[in-house]
Amino acid sequence: FVVSGKERHSLPKMLTNIPNMGLAAEHGMFVSWPTNKVGSKRRWETLVSDIDKSWRSIAITIMEVYTSRTHGSYIEETEMKVLWQYRDADPEFGYLQSRELEDHLSNVLRSFAVDILHGGVEEGGYVEVRPKGVNKGVFSTHVLKNMHKFSTHTKVDFGLVLGDDHCDEPMLSVMRQVGRRAAEARLARAGDQPLPPIPATLTLVDVSPCDDYVSPELEMFTCTVGKKPSAAASFLNDVDEVHEILESLVKVATRDHKFHSAVDLRNLSSGDAVPGGFLGGMGGALVAPNTFMDSSMAMNESGGGFKRSTSMGELKGSGEKTPEVKVSSNLNEFLGTIEQDDDEEAFFF
C-alpha cells in the first residue's frame with residue numbers, strides 16, 4: 001500500500017501502472033484495494049461513513065479571518081478536510097497566527113467529531129481540520145482486518161512500514177506495536193526473556209483486535225526516513241536509501257526464482273522455503289505479505305517466498321568423509337613446499 005495525504009483523484013495518475021498495489025488517500029480516509037488490472041479505473045471506499053460535514057463552513061469562515069490578516073496564507077479544501085496553509089507567510093508571524101487559529105477552532109468546534117492538527121513550519125506550516133478517527137494508524141489496522149478482500153492469505157507474516165514525516169507516526173507506532181506483540185508471544189511460548197520495555201515516547205494503542213489477523217511468526221520492520229525522533233524502530237538516511245532497500249528486496253526475490261546456485265540444490269529437491277515477500281512504496285507505505293508477487297515471483301506449493309540456502313558442507317552426504325587439510329606449523333615448513341628455480345636463485349645471488 002501507498003498511504004498518502006493527497007486527494008484520491010491525484011494518486012492513480014502517478015501510480016496507475018503498478019499492479020497489485022493498494023492506495024489510500026487523505027491519510028487513509030479513502031482506500032482502493034489492490035488489483036492486478038493495470039490502468040483500470042480505481043474503486044474507492046471510505047474509512048468512515050455517514051460523516052457530518054456541517055463543521056466545514058464554520059471552520060472556513062474562521063480561517064478566512066486569519067487569511068485576511070496573514071499575508072501569504074491561504075485556505076485549501078479537499079473532500080474530507082480543510083487546511084489553513086501559512087508556509088509562504090512570514091515564519092514568526094505565521095506561526096503565532098496558527099497557534100491562535102488552532103485555539104480558536106478548538107473552542108468553536110469542540111461539539112463536532114473532528115480532529116484539529118497543527119504542523120509547524122518545518123512540517124509544512126498548516127492547521128488542519130478533519131473528521132475524528134481518521135489517520136494512518138487507524139487505516140493500517142483496517143488493512144490487517146480486511147486482508148480477505150484482496151488476498152487468499154488471511155494472516156500477515158511480514159511487514160515493512162516506511163514513513164518520512166509526522167503524519168506517518170501513527171502508522172509507524174501502531175505497526176511497531178503489532179509486531180512487538182507477536183514477538184512477545186513467541187518469546188513467552190519459548191520461555192525466553194521478554195523484550196526490553198517499550199520507549200516511553202511511543203503512544204500506546206490497543207492492538208489486540210489485530211491478533212487474529214497476524215501470523216504467530218510475524219516479522220515487522222518500521223523505519224523512518226531521516227535520523228530524527230520517531231515511533232519507528234529504525235531509520236534510513238534519505239529517499240535514495242529507501243529506493244536501494246526496495247530494489248534489493250526485488251532483486252533477492254526475483255533472483256531466487258530465476259537462478260539457482262549449487263548451494264540451493266538441496267532446497268530444489270526438498271522444497272524447503274521461508275515465507276516472505278513485500279509490497280510497498282514511499283509516502284507512508286504499508287507493506288503486505290507475499291500475496292502480490294507476480295507469477296515469476298509466486299510462492300511454491302509449500303507457500304514460500306525466499307528459499308533458504310545451505311552451505312557446501314551440508315550438501316555432502318552424511319557418509320562422505322571430508323579430506324584432511326594439512327596446516328603448516330612454522331614458516332620453514334611452509335616454504336619447504338615451494339620449489340625454487342635455480343636460474344632465479346642465481347640471478348638474485
# chains A, B, ... in the order shown; residues from 1 in each chain; ligands from 1
>>> residues_around(residues="Val205 (chain A)", least_positions_apart="3", cutoff="9 Å", atoms="only C-alpha atoms", output="number ranges by chain")
A: 173-174, 177, 208
>>> select_by_dssp(residues="region 146-179 of chain A", states="alpha helix (DSSP H)", output="list in words")
Glu169, Pro170, Met171, Leu172, Ser173, Val174, Met175, Arg176, Gln177, Val178 and Gly179 of chain A
>>> closest_residue(among="A:Val121, A:Asp165, A:Val127, A:Leu83", to="Arg99 (chain A)", atoms="only C-alpha atoms")
A:Val127
>>> closest_residue(among="A:Ala182, A:Ala59, A:Met29, A:Leu249", to="Ile75 (chain A)", atoms="only C-alpha atoms")
A:Ala59
>>> closest_residue(among="A:Glu79, A:Asp115, A:Asp52, A:Asp211", to="Arg130 (chain A)", atoms="only C-alpha atoms")
A:Asp115
>>> residues_around(residues="Ser111 (chain A)", least_positions_apart="3", cutoff="12 Å", atoms="only C-alpha atoms", output="compact mmCIF listing (two decimals) with N, CA and C atoms, in the first residue's frame")
# COMPACT_ATOMS: atom_id res chain seq x y z
N ASP A 52 -20.75 13.88 9.32
CA ASP A 52 -21.39 15.19 9.42
C ASP A 52 -20.39 16.25 8.96
N SER A 54 -21.15 19.56 8.60
CA SER A 54 -21.62 20.91 8.92
C SER A 54 -20.52 21.78 9.53
N TRP A 55 -19.47 21.15 10.03
CA TRP A 55 -18.36 21.89 10.62
C TRP A 55 -17.53 22.63 9.58
N LEU A 105 -10.30 27.43 16.75
CA LEU A 105 -11.05 26.30 16.17
C LEU A 105 -11.40 25.26 17.24
N SER A 106 -10.46 25.00 18.14
CA SER A 106 -10.70 24.00 19.19
C SER A 106 -11.89 24.39 20.06
N ASN A 107 -12.01 25.67 20.36
CA ASN A 107 -13.12 26.13 21.20
C ASN A 107 -14.45 26.09 20.45
N VAL A 108 -14.45 26.54 19.21
CA VAL A 108 -15.70 26.63 18.45
C VAL A 108 -16.21 25.26 18.01
N VAL A 114 -14.42 16.12 15.17
CA VAL A 114 -13.30 16.47 14.30
C VAL A 114 -12.01 16.47 15.10
N ASP A 115 -10.90 16.31 14.37
CA ASP A 115 -9.57 16.47 14.94
C ASP A 115 -8.95 17.72 14.35
N LYS A 132 -12.87 13.03 12.94
CA LYS A 132 -12.20 12.33 14.03
C LYS A 132 -11.99 10.86 13.69
>>> closest_residue(among="A:Leu101, A:Val242, A:Leu23, A:Ala183", to="Tyr86 (chain A)", atoms="only C-alpha atoms")
A:Leu101
>>> closest_residue(among="A:Asn36, A:Gln85, A:Ser10, A:Thr201", to="Gly124 (chain A)", atoms="only C-alpha atoms")
A:Gln85
>>> atom_distance(atom1="CA of Thr203 (chain A)", atom2="CA of Thr224 (chain A)")
16.2 Å
>>> residues_around(residues="Tyr213 (chain A)", least_positions_apart="2", cutoff="8 Å", atoms="only C-alpha atoms", output="list in words")
Leu144, Lys145, Met147, Thr154, Lys155, Val156, Cys210, Asp211 and Ser215 of chain A
>>> write_last_selection(atoms="N, CA and C atoms", output="PDB file, in the first residue's frame")
ATOM      1  N   LEU A 144      -5.183  -4.698   8.007  1.00  0.00           N
ATOM      2  CA  LEU A 144      -4.938  -6.013   8.603  1.00  0.00           C
ATOM      3  C   LEU A 144      -6.237  -6.807   8.748  1.00  0.00           C
ATOM      4  N   LYS A 145      -7.296  -6.126   9.124  1.00  0.00           N
ATOM      5  CA  LYS A 145      -8.568  -6.811   9.371  1.00  0.00           C
ATOM      6  C   LYS A 145      -9.325  -7.132   8.083  1.00  0.00           C
ATOM      7  N   MET A 147      -7.760  -8.228   5.064  1.00  0.00           N
ATOM      8  CA  MET A 147      -6.902  -8.930   4.114  1.00  0.00           C
ATOM      9  C   MET A 147      -7.698  -9.812   3.164  1.00  0.00           C
ATOM     10  N   THR A 154      -5.020 -14.843   4.868  1.00  0.00           N
ATOM     11  CA  THR A 154      -5.774 -14.037   5.821  1.00  0.00           C
ATOM     12  C   THR A 154      -4.906 -13.521   6.964  1.00  0.00           C
ATOM     13  N   LYS A 155      -3.649 -13.945   7.030  1.00  0.00           N
ATOM     14  CA  LYS A 155      -2.767 -13.504   8.106  1.00  0.00           C
ATOM     15  C   LYS A 155      -1.465 -12.955   7.541  1.00  0.00           C
ATOM     16  N   VAL A 156      -1.032 -11.831   8.083  1.00  0.00           N
ATOM     17  CA  VAL A 156       0.193 -11.175   7.632  1.00  0.00           C
ATOM     18  C   VAL A 156       1.389 -11.825   8.334  1.00  0.00           C
ATOM     19  N   CYS A 210      -6.082  -6.988  16.475  1.00  0.00           N
ATOM     20  CA  CYS A 210      -5.394  -7.444  15.260  1.00  0.00           C
ATOM     21  C   CYS A 210      -4.796  -8.841  15.412  1.00  0.00           C
ATOM     22  N   ASP A 211      -4.885  -9.430  16.603  1.00  0.00           N
ATOM     23  CA  ASP A 211      -4.220 -10.715  16.856  1.00  0.00           C
ATOM     24  C   ASP A 211      -4.666 -11.809  15.899  1.00  0.00           C
ATOM     25  N   SER A 215       0.170 -13.475  11.648  1.00  0.00           N
ATOM     26  CA  SER A 215       0.767 -14.782  11.868  1.00  0.00           C
ATOM     27  C   SER A 215       1.566 -14.787  13.168  1.00  0.00           C
TER      28      SER A 215
END
>>> select_by_dssp(residues="region 1-163 of chain A", states="strand (DSSP E)", output="JSON, numbers by chain")
{"A": [2, 3, 23, 24, 25, 30, 31, 32, 45, 46, 74, 75, 76, 77, 82, 83, 84, 85, 114, 115, 116, 117, 118, 119, 126, 127, 128, 129, 130, 131, 156, 157, 158, 159, 160, 161, 162, 163]}
>>> residues_around(residues="region 60-71 of chain A", least_positions_apart="6", cutoff="7 Å", atoms="only C-alpha atoms", output="list in words")
Trp84, Ala89 and Gly94 of chain A
>>> decode(residues="region 81-110 of chain A", atoms="C-alpha atoms", output="PDB file, in the first residue's frame")
ATOM      1  CA  LYS A  81     -10.595  18.143   5.329  1.00  0.00           C
ATOM      2  CA  VAL A  82      -9.907  21.883   5.405  1.00  0.00           C
ATOM      3  CA  LEU A  83      -6.411  23.338   5.828  1.00  0.00           C
ATOM      4  CA  TRP A  84      -5.072  26.783   6.568  1.00  0.00           C
ATOM      5  CA  GLN A  85      -1.641  26.971   4.952  1.00  0.00           C
ATOM      6  CA  TYR A  86       0.926  29.510   6.156  1.00  0.00           C
ATOM      7  CA  ARG A  87       4.177  28.117   4.758  1.00  0.00           C
ATOM      8  CA  ASP A  88       4.515  31.131   2.410  1.00  0.00           C
ATOM      9  CA  ALA A  89       3.844  33.667   5.180  1.00  0.00           C
ATOM     10  CA  ASP A  90       6.368  35.292   7.491  1.00  0.00           C
ATOM     11  CA  PRO A  91       7.586  32.329   9.634  1.00  0.00           C
ATOM     12  CA  GLU A  92       7.293  34.031  13.022  1.00  0.00           C
ATOM     13  CA  PHE A  93       4.027  35.891  12.445  1.00  0.00           C
ATOM     14  CA  GLY A  94       2.515  32.924  10.596  1.00  0.00           C
ATOM     15  CA  TYR A  95       3.340  30.594  13.488  1.00  0.00           C
ATOM     16  CA  LEU A  96       1.795  32.970  16.054  1.00  0.00           C
ATOM     17  CA  GLN A  97      -1.358  33.239  13.954  1.00  0.00           C
ATOM     18  CA  SER A  98      -1.525  29.454  13.526  1.00  0.00           C
ATOM     19  CA  ARG A  99      -1.430  28.908  17.292  1.00  0.00           C
ATOM     20  CA  GLU A 100      -4.197  31.436  17.780  1.00  0.00           C
ATOM     21  CA  LEU A 101      -6.243  29.823  14.988  1.00  0.00           C
ATOM     22  CA  GLU A 102      -5.756  26.367  16.496  1.00  0.00           C
ATOM     23  CA  ASP A 103      -7.109  27.538  19.863  1.00  0.00           C
ATOM     24  CA  HIS A 104      -9.999  29.362  18.171  1.00  0.00           C
ATOM     25  CA  LEU A 105     -11.054  26.305  16.171  1.00  0.00           C
ATOM     26  CA  SER A 106     -10.699  24.005  19.195  1.00  0.00           C
ATOM     27  CA  ASN A 107     -13.123  26.131  21.199  1.00  0.00           C
ATOM     28  CA  VAL A 108     -15.699  26.635  18.453  1.00  0.00           C
ATOM     29  CA  LEU A 109     -15.682  23.054  17.100  1.00  0.00           C
ATOM     30  CA  ARG A 110     -15.493  21.183  20.400  1.00  0.00           C
TER      31      ARG A 110
END
